[in-house]
file my_file.cif (mmCIF, C-alpha atoms)
data_upload
loop_
_atom_site.label_atom_id
_atom_site.label_comp_id
_atom_site.auth_asym_id
_atom_site.auth_seq_id
_atom_site.Cartn_x
_atom_site.Cartn_y
_atom_site.Cartn_z
CA MET A 809 151.76 158.02 135.64
CA ALA A 810 154.50 156.33 133.58
CA ARG A 811 157.61 155.55 135.57
CA ALA A 812 159.71 155.47 132.36
CA PHE A 813 158.86 157.13 129.05
CA THR A 814 160.77 157.17 125.76
CA GLU A 815 159.30 159.47 123.14
CA LEU A 816 159.00 158.10 119.63
CA PRO A 817 160.94 160.04 116.96
CA ASP A 818 158.79 162.23 114.73
CA ALA A 819 158.93 160.72 111.25
CA SER A 820 156.31 163.01 109.71
CA GLU A 821 157.11 165.49 106.96
CA PRO A 822 157.36 169.22 107.82
CA PRO A 823 154.09 170.97 106.97
CA ALA A 824 153.72 173.12 103.88
CA VAL A 825 153.77 176.88 104.31
CA ASP A 826 150.69 177.75 106.38
CA GLY A 827 149.51 174.15 106.11
CA PRO A 828 147.73 172.26 103.33
CA LEU A 829 145.18 175.06 102.84
CA GLY A 830 147.65 177.91 102.94
CA TRP A 831 145.68 179.33 105.86
CA PRO A 832 147.03 182.86 106.56
CA GLY A 833 148.93 183.02 109.87
CA TYR A 834 148.85 179.28 110.50
CA ASP A 835 152.64 179.01 110.77
CA GLU A 836 152.67 181.76 113.38
CA ALA A 837 149.91 179.97 115.36
CA LEU A 838 151.97 176.75 115.34
CA ALA A 839 155.05 178.62 116.53
CA ARG A 840 153.12 180.19 119.41
CA ALA A 841 151.73 176.79 120.38
CA ARG A 842 155.23 175.29 120.40
CA ASP A 843 156.56 178.12 122.54
CA ARG A 844 153.66 177.91 124.98
CA THR A 845 153.68 174.12 125.48
CA GLY A 846 157.23 173.06 124.63
CA GLU A 847 155.78 170.42 122.31
CA ARG A 848 156.08 170.14 118.52
CA GLU A 849 152.54 168.89 117.96
CA SER A 850 149.24 168.36 119.77
CA VAL A 851 150.05 164.74 120.59
CA VAL A 852 153.12 163.16 122.21
CA CYS A 853 153.73 159.45 121.61
CA GLY A 854 156.19 157.08 123.23
CA VAL A 855 156.86 153.81 124.96
CA ALA A 856 156.16 153.78 128.70
CA ASP A 857 156.38 151.50 131.71
CA ILE A 858 153.08 151.58 133.60
CA GLY A 859 153.01 149.42 136.70
CA GLY A 860 155.56 147.03 135.25
CA VAL A 861 153.72 146.66 131.93
CA THR A 862 155.25 148.11 128.76
CA ALA A 863 152.73 150.11 126.73
CA VAL A 864 152.66 152.69 123.98
CA LEU A 865 151.31 156.00 125.22
CA VAL A 866 149.42 158.51 123.05
CA ALA A 867 149.06 161.73 125.06
CA PHE A 868 147.26 164.85 123.84
CA GLU A 869 148.46 168.34 124.80
CA PHE A 870 145.30 170.48 124.89
CA GLY A 871 147.38 173.66 125.16
CA PHE A 872 148.63 173.02 121.62
CA LEU A 873 145.80 174.45 119.50
CA GLY A 874 143.17 172.79 121.67
CA GLY A 875 144.65 169.33 121.20
CA SER A 876 143.31 169.45 117.67
CA LEU A 877 143.92 166.71 115.12
CA GLY A 878 145.99 167.78 112.13
CA THR A 879 147.76 165.84 109.41
CA ARG A 880 150.96 165.51 111.44
CA THR A 881 148.89 164.45 114.47
CA GLY A 882 147.36 161.64 112.47
CA ARG A 883 150.75 160.45 111.25
CA ARG A 884 152.12 160.47 114.80
CA ILE A 885 149.21 158.41 116.08
CA GLU A 886 149.63 155.99 113.17
CA GLN A 887 153.31 155.64 114.03
CA ALA A 888 152.46 154.96 117.69
CA PHE A 889 149.98 152.17 116.95
CA THR A 890 152.36 150.65 114.42
CA ARG A 891 155.09 150.60 117.07
CA ALA A 892 152.71 148.94 119.55
CA ARG A 893 152.08 146.12 117.10
CA GLU A 894 155.81 145.73 116.47
CA LEU A 895 156.39 145.40 120.22
CA THR A 896 153.11 143.46 120.79
CA VAL A 897 152.18 145.76 123.67
CA PRO A 898 148.96 147.60 124.68
CA VAL A 899 148.12 151.19 123.76
CA VAL A 900 146.93 153.81 126.25
CA SER A 901 145.41 156.97 124.78
CA LEU A 902 145.17 160.04 127.05
CA ILE A 903 142.63 162.12 125.16
CA ALA A 904 142.12 165.87 125.50
CA THR A 905 141.01 167.36 122.21
CA GLY A 906 138.52 169.72 120.67
CA GLY A 907 138.40 167.87 117.35
CA SER A 908 139.89 168.29 113.90
CA ARG A 909 142.04 171.32 113.11
CA MET A 910 140.12 174.04 111.24
CA GLN A 911 143.25 175.55 109.67
CA GLU A 912 143.94 172.28 107.83
CA GLY A 913 140.36 171.68 106.71
CA THR A 914 139.30 168.36 105.21
CA PRO A 915 142.86 166.94 105.09
CA ALA A 916 142.79 167.14 108.90
CA LEU A 917 139.37 165.51 109.04
CA THR A 918 140.55 162.52 106.98
CA GLN A 919 143.03 161.68 109.74
CA LEU A 920 140.09 160.01 111.48
CA GLN A 921 140.13 157.37 108.75
CA ARG A 922 143.85 156.89 109.30
CA ILE A 923 143.29 156.46 113.04
CA ALA A 924 140.34 154.10 112.52
CA ARG A 925 142.55 151.89 110.35
CA GLN A 926 145.12 151.69 113.12
CA LEU A 927 142.46 150.78 115.67
CA ALA A 928 141.26 147.97 113.42
CA LEU A 929 144.77 146.60 112.81
CA THR A 930 145.57 146.70 116.52
CA ARG A 931 142.29 145.00 117.37
CA ASP A 932 143.01 142.27 114.83
CA ALA A 933 146.44 141.79 116.44
CA GLY A 934 144.74 141.00 119.77
CA LEU A 935 146.32 143.96 121.55
CA PRO A 936 144.32 145.98 124.09
CA HIS A 937 143.62 149.69 123.75
CA ILE A 938 142.61 151.70 126.81
CA ALA A 939 141.32 155.25 126.43
CA VAL A 940 141.40 157.84 129.19
CA LEU A 941 138.95 160.70 128.64
CA ARG A 942 140.33 164.00 129.91
CA ASP A 943 138.69 167.41 129.66
CA PRO A 944 137.51 167.85 126.97
CA ALA A 945 137.25 164.71 124.85
CA THR A 946 135.21 165.78 121.86
CA GLY A 947 135.01 165.57 118.09
CA GLY A 948 136.92 162.98 116.13
CA GLY A 949 139.26 162.21 119.03
CA TRP A 950 136.26 160.96 121.00
CA ALA A 951 134.64 159.26 117.99
CA THR A 952 137.79 157.25 117.14
CA LEU A 953 140.42 156.88 119.85
CA GLY A 954 137.90 157.34 122.66
CA ALA A 955 134.70 155.55 121.76
CA GLY A 956 136.60 152.97 119.71
CA ALA A 957 138.78 151.76 122.59
CA ASP A 958 138.38 148.39 124.30
CA VAL A 959 138.16 149.94 127.77
CA ILE A 960 137.09 153.55 128.34
CA ILE A 961 137.98 155.35 131.57
CA GLY A 962 136.71 158.88 132.16
CA LEU A 963 138.12 161.47 134.53
CA ASN A 964 135.64 163.14 136.87
CA GLY A 965 134.25 166.35 135.44
CA ALA A 966 135.43 165.80 131.87
CA GLN A 967 133.32 167.07 128.99
CA VAL A 968 132.72 164.17 126.60
CA GLY A 969 130.76 164.21 123.35
CA PHE A 970 131.04 164.34 119.61
CA ALA A 971 130.09 168.02 119.42
CA GLY A 972 132.22 170.56 121.29
CA SER A 973 130.86 173.19 123.66
CA ARG A 974 131.13 176.00 121.09
CA VAL A 975 128.60 174.38 118.75
CA ARG A 976 126.04 173.05 121.26
CA PRO A 977 124.86 173.77 124.81
CA PRO A 978 127.00 172.50 127.72
CA GLY A 979 126.03 169.44 129.71
CA TYR A 980 127.72 166.52 127.98
CA THR A 981 129.67 165.29 130.98
CA VAL A 982 131.50 162.02 131.44
CA ALA A 983 129.01 161.15 134.20
CA GLU A 984 126.16 161.40 131.72
CA GLN A 985 128.04 159.30 129.20
CA PHE A 986 128.69 156.69 131.89
CA ALA A 987 124.98 156.59 132.72
CA ALA A 988 124.24 156.11 129.01
CA GLY A 989 126.55 153.12 128.71
CA GLN A 990 129.29 154.88 126.73
CA VAL A 991 132.03 154.82 129.41
CA ASP A 992 133.21 151.87 131.50
CA GLN A 993 134.50 153.65 134.59
CA VAL A 994 134.72 157.17 136.02
CA VAL A 995 137.69 157.90 138.29
CA SER A 996 139.46 160.84 139.91
CA HIS A 997 142.91 162.06 138.86
CA LEU A 998 144.36 160.49 142.01
CA GLU A 999 142.87 157.11 141.15
CA LEU A 1000 143.96 157.06 137.52
CA ARG A 1001 147.45 155.61 137.83
CA GLY A 1002 146.36 152.70 140.01
CA ARG A 1003 143.39 151.97 137.80
CA LEU A 1004 145.50 151.94 134.65
CA GLU A 1005 148.06 149.65 136.26
CA ARG A 1006 145.33 147.20 137.23
CA TRP A 1007 143.75 147.23 133.78
CA LEU A 1008 147.05 146.71 132.00
CA ARG A 1009 147.89 143.82 134.28
CA LEU A 1010 144.48 142.23 133.70
CA LEU A 1011 144.62 142.50 129.92
CA THR A 1012 148.17 141.19 129.63
CA THR A 1013 147.98 138.11 131.91
CA PRO A 1014 145.42 135.78 130.31
CA SER A 1015 144.88 132.26 131.58
CA ALA A 1016 145.94 129.43 129.29
CA ALA A 1017 143.23 127.19 130.77
CA PRO A 1018 139.43 127.43 130.80
CA ALA A 1019 137.86 129.44 133.60
CA PHE A 1020 137.58 127.64 136.92
CA VAL A 1021 134.28 126.24 138.17
CA PRO A 1022 133.31 128.25 141.28
CA GLY A 1023 132.25 126.50 144.43
CA ALA A 1024 128.62 126.67 145.51
CA LEU A 1025 128.00 129.25 148.25
CA GLY A 1026 124.49 128.29 149.29
CA SER A 1027 122.92 125.03 150.35
CA ALA A 1028 124.96 121.85 150.09
CA THR A 1029 121.92 119.54 149.80
CA LEU A 1030 119.88 118.94 146.66
CA PRO A 1031 116.16 119.81 146.53
CA GLU A 1032 113.78 116.88 146.82
CA THR A 1033 111.09 118.23 144.48
CA GLY A 1034 110.95 120.58 141.55
CA TRP A 1035 108.94 123.09 143.54
CA ASP A 1036 111.57 122.97 146.29
CA ALA A 1037 114.18 123.84 143.65
CA VAL A 1038 112.12 126.80 142.43
CA ARG A 1039 111.51 128.12 145.95
CA ARG A 1040 115.20 127.86 146.87
CA ALA A 1041 116.32 129.60 143.68
CA ARG A 1042 113.85 132.42 144.33
CA ALA A 1043 114.73 132.83 148.02
CA PRO A 1044 115.78 136.44 148.71
CA ASP A 1045 118.64 135.40 151.01
CA ARG A 1046 120.25 133.05 148.46
CA PRO A 1047 123.84 134.02 147.45
CA ARG A 1048 123.81 136.17 144.32
CA ALA A 1049 126.35 137.10 141.65
CA GLN A 1050 128.10 139.74 143.76
CA ALA A 1051 128.92 137.17 146.46
CA TYR A 1052 130.23 134.71 143.89
CA LEU A 1053 132.46 137.32 142.23
CA ASP A 1054 133.81 138.41 145.61
CA GLU A 1055 134.72 134.80 146.35
CA CYS A 1056 136.04 133.97 142.88
CA PHE A 1057 138.58 136.76 142.40
CA ASP A 1058 141.43 138.32 144.31
CA TRP A 1059 140.53 141.62 142.64
CA ARG A 1060 138.66 142.74 139.55
CA GLU A 1061 137.77 145.64 137.26
CA SER A 1062 134.39 146.14 135.62
CA ILE A 1063 133.13 147.34 132.27
CA SER A 1064 129.77 149.06 131.95
CA GLY A 1065 127.25 149.67 129.22
CA ASP A 1066 126.36 148.40 125.78
CA ARG A 1067 127.82 151.34 123.79
CA CYS A 1068 124.30 151.83 122.38
CA GLY A 1069 122.90 154.07 125.11
CA GLY A 1070 121.97 151.45 127.68
CA VAL A 1071 123.07 150.03 131.04
CA ASP A 1072 121.53 147.05 132.82
CA PRO A 1073 122.44 147.10 136.53
CA GLY A 1074 121.31 143.47 136.71
CA VAL A 1075 124.31 142.29 134.67
CA LEU A 1076 127.88 142.58 135.98
CA CYS A 1077 130.73 142.30 133.47
CA GLY A 1078 134.48 142.69 133.73
CA PHE A 1079 137.83 141.01 134.26
CA GLY A 1080 139.06 139.40 137.46
CA HIS A 1081 142.47 138.34 138.71
CA ARG A 1082 142.92 135.05 140.54
CA ASP A 1083 146.13 133.17 141.29
CA GLY A 1084 148.13 135.35 138.90
CA VAL A 1085 145.93 135.04 135.80
CA THR A 1086 142.93 136.86 134.34
CA VAL A 1087 139.44 135.51 133.70
CA ALA A 1088 136.59 137.55 132.23
CA TYR A 1089 133.11 137.36 133.75
CA ALA A 1090 129.52 138.12 132.76
CA ALA A 1091 127.05 137.60 135.59
CA GLN A 1092 123.29 137.91 135.89
CA CYS A 1093 122.10 139.21 139.27
CA GLY A 1094 118.71 137.53 139.62
CA THR A 1095 116.63 140.18 137.85
CA VAL A 1096 115.10 140.05 134.38
CA THR A 1097 117.86 140.74 131.88
CA ARG A 1098 117.32 143.77 129.68
CA PRO A 1099 118.59 144.24 126.11
CA ALA A 1100 121.48 146.41 127.35
CA GLY A 1101 122.55 143.57 129.63
CA PHE A 1102 122.75 141.08 126.77
CA ARG A 1103 124.65 143.55 124.58
CA THR A 1104 127.11 144.42 127.37
CA ALA A 1105 127.76 140.74 128.05
CA ALA A 1106 128.27 140.05 124.34
CA ARG A 1107 130.76 142.92 124.20
CA LEU A 1108 132.61 141.39 127.15
CA VAL A 1109 132.76 137.93 125.56
CA ARG A 1110 134.08 139.30 122.25
CA LEU A 1111 136.67 141.50 123.96
CA ALA A 1112 137.91 138.62 126.10
CA ASP A 1113 138.08 136.37 123.06
CA ARG A 1114 140.25 138.87 121.18
CA MET A 1115 142.54 139.17 124.20
CA GLY A 1116 142.85 135.39 124.57
CA ILE A 1117 141.11 135.43 127.97
CA PRO A 1118 138.70 132.67 129.08
CA VAL A 1119 135.22 133.64 130.25
CA LEU A 1120 133.10 132.69 133.25
CA THR A 1121 129.35 133.32 133.04
CA LEU A 1122 127.00 133.19 136.04
CA VAL A 1123 123.38 132.48 135.13
CA ASP A 1124 120.63 133.80 137.38
CA THR A 1125 117.52 135.34 135.85
CA PRO A 1126 113.78 134.61 135.73
CA GLY A 1127 114.10 135.45 132.03
CA ALA A 1128 114.59 138.21 129.52
CA ALA A 1129 112.68 141.46 129.96
CA ASN A 1130 109.58 141.43 127.73
CA ASP A 1131 107.96 144.78 128.44
CA PRO A 1132 107.28 147.29 125.63
CA GLU A 1133 110.55 149.14 126.27
CA ALA A 1134 112.53 145.92 125.97
CA GLU A 1135 110.86 145.05 122.69
CA GLN A 1136 111.40 148.58 121.35
CA THR A 1137 115.11 148.40 122.20
CA ALA A 1138 115.57 145.14 120.28
CA ALA A 1139 115.36 142.45 122.94
CA GLY A 1140 115.39 139.68 120.35
CA ALA A 1141 118.44 141.03 118.55
CA ALA A 1142 120.26 141.54 121.85
CA ILE A 1143 119.61 137.97 122.97
CA ALA A 1144 120.73 136.69 119.56
CA ASP A 1145 123.89 138.76 119.89
CA MET A 1146 124.78 137.02 123.15
CA PHE A 1147 124.02 133.57 121.75
CA THR A 1148 126.27 134.35 118.77
CA ALA A 1149 129.10 135.78 120.89
CA ILE A 1150 129.37 132.60 122.96
CA ALA A 1151 128.87 130.31 119.97
CA SER A 1152 131.67 131.98 118.01
CA ALA A 1153 134.16 132.36 120.90
CA ALA A 1154 137.48 130.64 120.33
CA MET A 1155 138.40 130.90 124.02
CA PRO A 1156 136.54 128.53 126.37
CA VAL A 1157 133.44 129.78 128.17
CA THR A 1158 132.53 128.18 131.51
CA THR A 1159 129.03 128.60 132.99
CA MET A 1160 127.69 128.26 136.52
CA LEU A 1161 123.94 128.25 137.14
CA ILE A 1162 123.64 129.89 140.57
CA GLY A 1163 119.90 130.57 140.78
CA GLU A 1164 117.01 130.85 138.38
CA GLY A 1165 117.45 129.69 134.81
CA GLY A 1166 114.48 131.15 133.03
CA SER A 1167 114.13 130.21 129.37
CA GLY A 1168 116.18 131.78 126.55
CA GLY A 1169 117.14 134.79 128.64
CA ALA A 1170 119.18 132.44 130.83
CA LEU A 1171 120.30 130.07 128.09
CA ALA A 1172 121.89 132.94 126.14
CA PHE A 1173 124.49 133.26 128.95
CA ALA A 1174 125.19 129.51 129.05
CA ALA A 1175 128.05 127.72 127.31
CA PRO A 1176 126.91 124.55 125.51
CA GLY A 1177 128.43 121.52 127.18
CA ARG A 1178 130.26 123.55 129.85
CA MET A 1179 127.59 124.38 132.43
CA TRP A 1180 127.66 123.41 136.10
CA VAL A 1181 124.80 123.91 138.55
CA THR A 1182 124.48 124.68 142.25
CA PRO A 1183 122.00 122.99 144.63
CA ASP A 1184 120.12 126.31 144.83
CA SER A 1185 119.28 126.47 141.13
CA TYR A 1186 116.83 125.35 138.49
CA PHE A 1187 116.62 125.63 134.69
CA ALA A 1188 113.41 125.45 132.71
CA VAL A 1189 112.07 126.05 129.24
CA ILE A 1190 109.76 128.59 130.87
CA SER A 1191 108.61 129.42 134.39
CA PRO A 1192 106.27 126.84 135.97
CA GLU A 1193 103.53 129.46 136.29
CA ALA A 1194 103.79 130.46 132.62
CA ALA A 1195 103.94 126.83 131.49
CA THR A 1196 100.77 126.10 133.45
CA ALA A 1197 98.97 129.07 131.88
CA ILE A 1198 100.11 128.22 128.35
CA LEU A 1199 98.89 124.64 128.80
CA LYS A 1200 95.52 126.05 129.94
CA ARG A 1201 95.69 124.42 133.34
CA PRO A 1202 94.41 126.00 136.57
CA PRO A 1203 96.86 127.68 138.98
CA SER A 1204 96.44 124.74 141.32
CA GLU A 1205 98.42 122.67 138.78
CA VAL A 1206 101.59 124.78 139.03
CA ARG A 1207 103.40 122.38 141.36
CA ALA A 1208 102.49 119.36 139.28
CA THR A 1209 103.68 121.13 136.14
CA THR A 1210 106.93 121.97 137.91
CA GLU A 1211 107.65 118.29 138.49
CA ARG A 1212 106.98 117.44 134.86
CA LEU A 1213 109.46 120.08 133.68
CA ARG A 1214 112.33 118.20 135.39
CA LEU A 1215 114.13 121.41 136.29
CA ARG A 1216 116.03 120.35 139.46
CA PRO A 1217 119.85 120.48 139.45
CA GLN A 1218 120.07 116.67 139.49
CA ASP A 1219 117.55 116.48 136.63
CA LEU A 1220 119.69 118.82 134.56
CA VAL A 1221 122.71 116.58 135.04
CA GLU A 1222 120.72 113.46 134.19
CA LEU A 1223 119.33 115.12 131.03
CA GLY A 1224 122.85 116.11 129.92
CA ILE A 1225 122.13 119.84 130.18
CA ALA A 1226 124.69 120.31 132.97
CA ARG A 1227 128.03 118.58 133.38
CA GLY A 1228 127.82 118.37 137.14
CA ILE A 1229 126.80 119.88 140.45
CA ALA A 1230 129.29 122.32 141.96
CA GLU A 1231 130.91 121.43 145.24
CA SER A 1232 130.66 123.75 148.23
CA ALA A 1233 133.07 126.69 148.11
CA ASP A 1234 136.17 126.92 150.28
CA LEU A 1235 135.28 129.97 152.32
CA ASP A 1236 138.70 130.12 153.95
CA ARG A 1237 140.33 131.78 150.93
CA HIS A 1238 141.86 135.18 151.65
CA PRO A 1239 139.65 138.30 151.44
CA ARG A 1240 138.92 139.83 148.06
CA ASP A 1241 139.69 143.34 146.84
CA THR A 1242 136.66 144.54 144.90
CA SER A 1243 137.56 148.21 144.79
CA GLY A 1244 137.63 148.25 140.99
CA SER A 1245 133.86 148.23 140.53
CA ALA A 1246 132.65 150.89 138.10
CA ARG A 1247 131.18 153.90 139.73
CA GLN A 1248 129.98 157.35 138.84
#
call {"tool": "encode", "arguments": {"input": "my_file.cif", "output": "structure tokens"}}
result
Amino acid sequence: MARAFTELPDASEPPAVDGPLGWPGYDEALARARDRTGERESVVCGVADIGGVTAVLVAFEFGFLGGSLGTRTGRRIEQAFTRARELTVPVVSLIATGGSRMQEGTPALTQLQRIARQLALTRDAGLPHIAVLRDPATGGGWATLGAGADVIIGLNGAQVGFAGSRVRPPGYTVAEQFAAGQVDQVVSHLELRGRLERWLRLLTTPSAAPAFVPGALGSATLPETGWDAVRRARAPDRPRAQAYLDECFDWRESISGDRCGGVDPGVLCGFGHRDGVTVAYAAQCGTVTRPAGFRTAARLVRLADRMGIPVLTLVDTPGAANDPEAEQTAAGAAIADMFTAIASAAMPVTTMLIGEGGSGGALAFAAPGRMWVTPDSYFAVISPEAATAILKRPPSEVRATTERLRLRPQDLVELGIARGIAESADLDRHPRDTSGSARQ
């Protein structure tokens, strides 16, 4: 994986006889682990070259007492993250652990606090941390280095969960964690090196300028009436987010899930490479946006902001989901989270309205003062049908209500909602590589 690797010197103190608890036979167990693995501890740390990007590597050796976290393990990990901040380089954690070391008791458990502090300091320094979940990734290693990483990549077949297999039934696979929004991507061993190289390149080549304004892929003419605008935005053959992302980026990698148990397939988030620089994206796909979609997009915006990467948002939704499940999973709080993420971003956010702009569910994805529109789009305070019903008018008044809402692209520019109408895209650009989409 790493073409060059220099191990960091071990600056930790030698352990007391049989460890901090005086556990009988612990020294002999450590000696057997060293003989079996050739390593001095359950984690090896060093500086590596991965695809031309210098990174600090934290690699667990599961053969050394199950990759368990002891006091010396914690100190080694602390040293590695400290070195990453000194060098201002990313950290890659290759996790394979069963949890905290029983023979060292609570002193081993408190290493999780030490690790959490390092994660916070590294996050504050604006340095990326990528976690690779190997088999198994359980206990405190998962609940700190794993789940606390900026980007989480799981290896096919890995067991992932807070509780290990000896204290609960099997079945906590990385595939299930991916489906629950806890893991960004699942890859094979053969894919791992290439995927890591792409991610490191993306997260270390931010653009100094705001995100570009994409070209419009659909119609080049503006709608004559408001109802024409609505019909065109709702047309099933209109270009959607996937087509825009394919055209926008040379290649890209996606993140998935809200880290709260949810995934919205109608929202695509990730980082794309174009003309040598990275831009983050959060794109609605034309469906109602669910709470998990808002939370995932907010996570993307905050991550990009910490990395100094500009953001492109693509707006296309009839509105936020409002069914009982959406309300029970905090739709209002999720929408507020997205509004706040964009409002507090230091890096510029650029928005393109590519289809329907339905009420607050669409506005939450939009950057104030930096939105452009396509000829196939509309934006309204609420759908024309709902506005008609709320105003207690008959269904025959829907078209008339649509005109009064002034929701056409040219209306949005005239009202100052949008800065301009996007020009037609240059479709002669070279083909895109979209192989980095998350998959299970």
call {"tool": "closest_residue", "arguments": {"input": "my_file.cif", "among": "A:Ala1226, A:Ile1143, A:Val855, A:Ala945", "to": "A:Ala1170", "atoms": "only C-alpha atoms"}}
result
A:Ile1143
call {"tool": "closest_residue", "arguments": {"input": "my_file.cif", "among": "A:Met1179, A:Cys1068, A:Ala904, A:Val1085", "to": "A:Leu1220", "atoms": "all atoms listed in the file"}}
result
A:Met1179
call {"tool": "resolve_selection", "arguments": {"input": "my_file.cif", "expression": "the PyMOL selection byres ((chain A and resi 1077) around 9)", "output": "list in words"}}
result
Glu1061, Ser1062, Ile1063, Ser1064, Val1075, Leu1076, Gly1078, Phe1079, Ala1088, Tyr1089, Ala1090, Ala1091, Gln1092, Thr1104, Ala1105 and Leu1108 of chain A
call {"tool": "residues_near_point", "arguments": {"input": "my_file.cif", "point": "(147.2, 162.7, 127.5)", "cutoff": "10 Å", "atoms": "only C-alpha atoms", "output": "MDAnalysis selection string"}}
result
chainID A and resid 850:853 865:870 875 900:905 939:943
call {"tool": "closest_residue", "arguments": {"input": "my_file.cif", "among": "A:Glu886, A:Glu1164, A:Glu894, A:Glu999", "to": "A:Ala863", "atoms": "all atoms listed in the file"}}
result
A:Glu894
